[in-house]
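*Asks:* Pasting query-v4.cif below, which is mmCIF, C-alpha atoms.
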data_my_file
loop_
_atom_site.label_atom_id
_atom_site.label_comp_id
_atom_site.auth_asym_id
_atom_site.auth_seq_id
_atom_site.Cartn_x
_atom_site.Cartn_y
_atom_site.Cartn_z
CA MET A 1 -20.10 19.31 -60.39
CA SER A 2 -21.67 22.60 -59.38
CA HIS A 3 -20.62 24.69 -56.39
CA GLN A 4 -23.74 23.65 -54.45
CA LYS A 5 -23.29 19.96 -55.23
CA LEU A 6 -19.64 20.15 -54.15
CA SER A 7 -20.64 21.86 -50.88
CA ASP A 8 -23.22 19.13 -50.29
CA PHE A 9 -20.58 16.47 -51.01
CA ILE A 10 -18.23 18.02 -48.44
CA ASP A 11 -21.01 18.13 -45.86
CA GLN A 12 -21.73 14.49 -46.58
CA ILE A 13 -18.17 13.23 -46.11
CA GLN A 14 -17.75 15.34 -42.95
CA GLY A 15 -20.87 13.65 -41.60
CA GLN A 16 -19.06 10.36 -42.18
CA GLY A 17 -16.00 11.57 -40.26
CA ARG A 18 -13.91 12.04 -43.42
CA TYR A 19 -11.87 15.13 -44.18
CA THR A 20 -10.08 14.26 -47.43
CA PHE A 21 -11.16 13.55 -50.98
CA LYS A 22 -9.67 13.27 -54.46
CA PHE A 23 -10.60 14.93 -57.70
CA GLU A 24 -11.67 11.59 -59.14
CA ASP A 25 -14.16 11.24 -56.28
CA LEU A 26 -16.05 14.15 -57.83
CA THR A 27 -15.96 13.36 -61.54
CA SER A 28 -14.41 10.92 -63.95
CA ASP A 29 -13.55 13.81 -66.26
CA ARG A 30 -10.37 15.41 -64.86
CA SER A 31 -10.87 18.52 -67.02
CA HIS A 32 -14.46 19.11 -65.91
CA ILE A 33 -14.57 22.90 -65.93
CA ALA A 34 -17.51 23.31 -63.54
CA THR A 35 -15.89 21.09 -60.90
CA GLN A 36 -12.56 22.89 -61.14
CA ALA A 37 -14.30 26.26 -60.82
CA ALA A 38 -16.25 25.06 -57.77
CA LEU A 39 -13.02 23.82 -56.15
CA ARG A 40 -11.35 27.18 -56.76
CA ARG A 41 -14.23 29.02 -55.08
CA LEU A 42 -14.08 26.75 -52.02
CA LYS A 43 -10.32 27.27 -51.80
CA GLN A 44 -10.80 31.03 -51.90
CA ARG A 45 -13.29 30.73 -49.04
CA HIS A 46 -10.73 28.60 -47.13
CA ARG A 47 -13.20 25.76 -46.88
CA ILE A 48 -10.77 23.33 -48.53
CA VAL A 49 -7.01 23.21 -49.07
CA SER A 50 -4.97 21.16 -51.51
CA PRO A 51 -1.58 19.89 -50.23
CA HIS A 52 -1.01 18.04 -53.51
CA ARG A 53 -2.48 18.09 -56.99
CA GLY A 54 -5.77 16.22 -57.07
CA PHE A 55 -5.93 15.79 -53.26
CA PHE A 56 -8.07 17.99 -51.02
CA VAL A 57 -8.57 18.47 -47.29
CA VAL A 58 -11.71 19.89 -45.72
CA VAL A 59 -10.97 22.77 -43.33
CA ARG A 60 -13.31 23.09 -40.38
CA PRO A 61 -14.15 26.69 -39.36
CA GLU A 62 -11.91 26.67 -36.28
CA TYR A 63 -8.86 25.92 -38.47
CA ARG A 64 -9.46 28.37 -41.30
CA SER A 65 -7.31 31.06 -39.71
CA LEU A 66 -4.42 28.56 -39.68
CA GLY A 67 -4.96 27.59 -43.29
CA SER A 68 -5.43 23.87 -42.64
CA PRO A 69 -6.40 21.32 -40.01
CA PRO A 70 -3.49 19.61 -38.20
CA ALA A 71 -1.27 17.55 -40.47
CA ASN A 72 -1.94 14.37 -38.52
CA TRP A 73 -5.58 14.59 -39.65
CA PHE A 74 -4.68 13.86 -43.26
CA ILE A 75 -1.06 12.66 -43.51
CA ASP A 76 -2.00 8.97 -43.83
CA GLU A 77 -4.39 9.64 -46.73
CA LEU A 78 -1.94 12.06 -48.34
CA MET A 79 0.91 9.54 -48.35
CA ALA A 80 -1.44 6.88 -49.77
CA HIS A 81 -2.33 9.37 -52.51
CA LEU A 82 1.38 9.89 -53.20
CA LYS A 83 1.90 6.10 -53.11
CA GLN A 84 4.79 6.52 -50.68
CA PRO A 85 5.55 4.65 -47.45
CA TYR A 86 5.95 6.91 -44.45
CA TYR A 87 6.05 7.34 -40.72
CA VAL A 88 5.73 10.43 -38.53
CA ALA A 89 9.25 11.12 -37.34
CA LEU A 90 11.72 13.13 -35.28
CA LEU A 91 10.30 15.93 -33.10
CA SER A 92 6.75 15.28 -34.28
CA ALA A 93 6.98 11.64 -33.25
CA ALA A 94 8.63 12.58 -29.95
CA ALA A 95 5.77 14.99 -29.21
CA LEU A 96 3.20 12.27 -29.91
CA HIS A 97 5.08 10.04 -27.43
CA GLY A 98 4.84 12.78 -24.79
CA ALA A 99 8.20 14.52 -25.22
CA ALA A 100 6.69 17.90 -25.90
CA HIS A 101 8.86 20.34 -23.94
CA GLN A 102 8.92 22.45 -27.09
CA GLN A 103 6.11 21.81 -29.54
CA PRO A 104 7.60 21.36 -33.03
CA MET A 105 6.65 24.10 -35.48
CA ILE A 106 6.94 21.72 -38.45
CA PHE A 107 5.29 18.33 -38.88
CA GLN A 108 8.11 15.94 -39.75
CA VAL A 109 7.60 12.86 -41.91
CA MET A 110 10.03 10.13 -43.00
CA THR A 111 9.62 8.61 -46.46
CA ASP A 112 11.72 6.74 -49.00
CA ARG A 113 12.35 9.38 -51.68
CA PRO A 114 12.97 13.11 -52.01
CA THR A 115 9.69 14.94 -51.40
CA ARG A 116 9.01 18.65 -51.41
CA SER A 117 7.90 20.29 -48.20
CA ILE A 118 4.29 21.43 -47.99
CA ASP A 119 3.16 24.81 -46.65
CA LEU A 120 -0.51 25.29 -45.85
CA GLY A 121 -0.68 28.60 -44.05
CA SER A 122 0.55 27.94 -40.53
CA ILE A 123 0.72 24.18 -41.13
CA ASN A 124 4.08 23.08 -42.52
CA ILE A 125 5.12 19.53 -43.40
CA SER A 126 8.76 18.59 -44.02
CA PHE A 127 9.93 15.28 -45.44
CA HIS A 128 13.11 13.37 -44.66
CA MET A 129 14.38 10.32 -46.48
CA THR A 130 15.63 6.92 -45.43
CA GLN A 131 16.15 3.67 -47.30
CA ASP A 132 14.28 0.46 -46.46
CA ILE A 133 11.69 2.48 -44.57
CA GLU A 134 9.39 -0.53 -44.14
CA ASN A 135 12.00 -2.14 -41.87
CA PHE A 136 11.89 0.57 -39.20
CA PRO A 137 9.70 -0.15 -36.16
CA THR A 138 6.55 1.96 -36.06
CA LYS A 139 3.21 1.93 -34.27
CA LYS A 140 -0.26 3.05 -35.20
CA MET A 141 -1.66 5.97 -33.22
CA GLN A 142 -5.24 7.17 -33.33
CA THR A 143 -6.10 10.72 -34.35
CA GLU A 144 -9.41 12.54 -34.57
CA THR A 145 -9.85 11.29 -38.14
CA GLY A 146 -8.31 7.81 -38.10
CA TYR A 147 -4.85 6.32 -37.63
CA ILE A 148 -1.34 7.41 -38.50
CA LYS A 149 1.94 5.52 -38.57
CA VAL A 150 4.43 6.87 -36.02
CA ALA A 151 8.03 5.91 -35.29
CA THR A 152 8.36 3.92 -32.08
CA PRO A 153 10.12 5.71 -29.22
CA GLU A 154 13.28 3.73 -30.03
CA THR A 155 13.19 4.58 -33.74
CA THR A 156 12.54 8.19 -32.76
CA ALA A 157 15.56 8.23 -30.45
CA PHE A 158 17.92 6.98 -33.16
CA ASP A 159 16.44 9.33 -35.78
CA LEU A 160 16.89 12.34 -33.51
CA VAL A 161 20.62 11.59 -33.34
CA LYS A 162 20.94 10.69 -37.03
CA TYR A 163 19.13 13.83 -38.23
CA THR A 164 20.55 16.23 -35.67
CA ALA A 165 20.08 19.41 -37.71
CA ALA A 166 16.38 18.67 -38.29
CA SER A 167 16.02 17.92 -34.57
CA GLY A 168 17.22 21.31 -33.34
CA HIS A 169 20.87 20.25 -32.87
CA LEU A 170 22.46 18.50 -29.90
CA ASN A 171 21.10 20.56 -27.01
CA ASN A 172 17.55 20.01 -28.17
CA VAL A 173 18.19 16.35 -28.99
CA ALA A 174 19.45 15.73 -25.45
CA THR A 175 16.48 17.61 -23.98
CA VAL A 176 13.96 15.59 -26.01
CA LEU A 177 15.71 12.30 -25.23
CA THR A 178 15.56 13.11 -21.53
CA GLU A 179 11.79 13.53 -21.85
CA LEU A 180 11.46 10.46 -24.05
CA GLU A 181 13.49 8.09 -21.87
CA GLU A 182 10.54 6.84 -19.81
CA LYS A 183 9.00 5.52 -23.04
CA LEU A 184 12.22 3.80 -24.19
CA ASP A 185 12.67 0.06 -23.77
CA ALA A 186 16.24 -1.22 -23.38
CA ASP A 187 15.63 -4.42 -25.36
CA GLN A 188 13.86 -2.57 -28.17
CA LEU A 189 16.77 -0.14 -28.41
CA VAL A 190 19.11 -3.07 -29.04
CA LYS A 191 16.72 -4.62 -31.59
CA THR A 192 16.46 -1.31 -33.44
CA ALA A 193 20.20 -0.51 -33.36
CA PRO A 194 21.24 -2.73 -36.34
CA LEU A 195 19.10 -0.57 -38.63
CA TYR A 196 21.41 2.38 -37.99
CA ALA A 197 25.05 3.13 -38.65
CA THR A 198 27.47 2.47 -35.79
CA PRO A 199 28.19 6.22 -35.25
CA ASP A 200 24.45 6.77 -34.61
CA VAL A 201 24.55 4.03 -31.96
CA GLN A 202 27.63 5.61 -30.38
CA ARG A 203 26.19 9.12 -30.23
CA LEU A 204 22.83 7.97 -28.88
CA GLY A 205 24.51 5.81 -26.26
CA PHE A 206 26.80 8.65 -25.24
CA ILE A 207 23.93 11.12 -24.82
CA LEU A 208 21.74 8.66 -22.93
CA GLU A 209 24.60 7.67 -20.63
CA ASN A 210 25.33 11.30 -19.77
CA PHE A 211 21.77 12.59 -19.44
CA SER A 212 19.53 9.62 -18.63
CA ASN A 213 18.47 8.90 -15.06
CA ASN A 214 17.90 5.26 -15.99
CA LYS A 215 21.29 3.57 -16.23
CA ALA A 216 19.64 0.18 -16.87
CA LEU A 217 18.34 1.62 -20.12
CA VAL A 218 21.85 2.15 -21.48
CA ALA A 219 23.61 -1.05 -20.38
CA PRO A 220 22.20 -3.46 -23.04
CA LEU A 221 22.94 -0.96 -25.81
CA LEU A 222 26.51 -0.62 -24.57
CA GLU A 223 26.89 -4.39 -24.53
CA TYR A 224 25.65 -4.49 -28.14
CA TYR A 225 28.02 -1.72 -29.20
CA GLN A 226 31.07 -3.34 -27.61
CA LYS A 227 30.69 -6.25 -30.05
CA LEU A 228 31.01 -3.89 -33.01
CA ARG A 229 34.15 -2.46 -34.56
CA ARG A 230 35.13 0.44 -32.32
CA ARG A 231 36.27 3.62 -34.01
CA PRO A 232 36.30 7.15 -32.59
CA VAL A 233 33.53 9.44 -33.83
CA LEU A 234 32.96 13.12 -33.22
CA LEU A 235 29.90 13.96 -31.15
CA SER A 236 29.30 16.86 -33.52
CA PRO A 237 30.64 15.89 -36.97
CA LYS A 238 30.60 19.47 -38.30
CA MET A 239 32.66 20.85 -35.41
CA PRO A 240 36.47 20.60 -34.98
CA SER A 241 37.75 17.84 -32.73
CA LYS A 242 39.28 20.34 -30.26
CA GLU A 243 41.95 17.68 -29.66
CA LYS A 244 39.76 15.93 -27.11
CA SER A 245 40.04 12.22 -26.37
CA PRO A 246 37.15 9.81 -26.96
CA ASP A 247 35.25 8.57 -23.92
CA LYS A 248 36.01 5.02 -22.82
CA ASN A 249 32.55 3.49 -23.30
CA TRP A 250 31.27 4.86 -26.60
CA CYS A 251 34.46 6.07 -28.25
CA VAL A 252 32.78 9.45 -28.81
CA VAL A 253 34.94 12.57 -28.96
CA PRO A 254 33.02 15.21 -26.94
CA ASN A 255 33.88 18.12 -29.22
CA GLU A 256 30.74 20.04 -28.27
CA THR A 257 29.28 20.79 -24.84
CA ILE A 258 25.65 19.73 -24.47
CA GLU A 259 23.24 21.61 -22.22
CA THR A 260 19.64 20.55 -21.84
CA ASP A 261 16.70 22.85 -21.17
CA LEU A 262 15.46 20.72 -18.29
#
Have the structure of the file written as structure tokens, please.

*Replies:*
Amino acid sequence: MSHQKLSDFIDQIQGQGRYTFKFEDLTSDRSHIATQAALRRLKQRHRIVSPHRGFFVVVRPEYRSLGSPPANWFIDELMAHLKQPYYVALLSAAALHGAAHQQPMIFQVMTDRPTRSIDLGSINISFHMTQDIENFPTKKMQTETGYIKVATPETTAFDLVKYTAASGHLNNVATVLTELEEKLDADQLVKTAPLYATPDVQRLGFILENFSNNKALVAPLLEYYQKLRRRPVLLSPKMPSKEKSPDKNWCVVPNETIETDL
């Protein structure tokens, strides 16, 4: 495919509201020299970007200085290309649910296997891994280019506690949970809890109890937890215990002081 034909093809798919394409959409011959040369020229002009071999994203003029359109424009198609299940997770999911006190600098995605991060200029995508990813509650959210799969507020809340380092550590987790609490449903928290380890339930319950203004949100989760085997856990596993005693409800040892930004 010549440079002009490739440019015409990109104009055509943009007219259809599409912003991604694959190499095989252009030619059945994967070594077609003319097509590869045309793709290289469009990359150099920042008209397209390739987050993965054989997969391309069209870059509209207003995003060329960033290096790529927003990740949520193409993440669904990219993960289909990779043949991996996914959902938008952690701080990125929280922001999509309205907890955007601090906009995340990295677009965070959960999948089921180790996956290298992707850097496209100012657009960065990081991947985190969980088993049985299809079991976690998600919801479809509309973007400018289609739909993406996003963790529910309840899944997001548990993930923030489980992946504390990726969530900006405890102070930021508590801040985001405080913003997210109006989207959390008490019954859905209990239904989601069995998908997580008991220490994740304890830490989330402890943070919500201490920072949530909605005490009715926490009560069903506490009732669920009290039926489990109760063992003390450190609020911050990587910090010393400081010889503190666990709290009476969640059996969490408060070995780190949490301060929110709100």

*Asks:* To one decimal in Å, tell me the separation between atom CA of Glu256 of chain A and atom CA of Leu217 of chain A.

*Replies:*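 These two atoms are separated by 23.7 Å.
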
*Asks:* Any chance you could work out the residue set of the PyMOL selection byres ((chain A and resi 70) around 12) here, as JSON, numbers by chain?

*Replies:* {"A": [19, 49, 57, 58, 59, 60, 62, 63, 64, 66, 67, 68, 69, 71, 72, 73, 74, 75, 92, 105, 106, 107, 119, 120, 121, 122, 123, 124, 125, 143, 144, 145]}

*Asks:* Applied to this file, what does the PyMOL selection byres ((chain A and resi 161) around 8) return in terms of residues, put as an NGL selection string?

*Replies:* :A and (157-160 or 162-164 or 167 or 170 or 173 or 200 or 203-204)

*Asks:* Under the PyMOL selection byres ((chain A and resi 227-241) around 6), which residues of this model are included? Write them out as a count of residues only.

*Replies:* 10

*Asks:* Just the residues within 9 Å of Asn172 of chain A, please, counting all atoms listed in the file, with nothing from its chain fewer than 6 positions along; format it as a VMD selection string.

*Replies:* chain A and resid 164 258 to 261

*Asks:* Compile the contact shell of segment 23-25 of chain A as an MDAnalysis selection string: residues with an atom at most 12 Å away, counting only C-alpha atoms, same-chain residues fewer than 4 positions apart removed.

*Replies:* chainID A and resid 1 6 9:10 13 29:32 35:36 38:39 50 52:57 81

*Asks:* One number please: atom CA of Leu221 of chain A to atom CA of Val190 of chain A, in Å, one decimal.

*Replies:*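 Here the two named atoms are 5.4 Å from each other.
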
*Asks:* Between atom CA of Ile133 of chain A and atom CA of Tyr196 of chain A, what is the distance in Å, rounded to a tenth?

*Replies:*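 Pair atom CA of Ile133 of chain A / atom CA of Tyr196 of chain A returns 11.7 Å.
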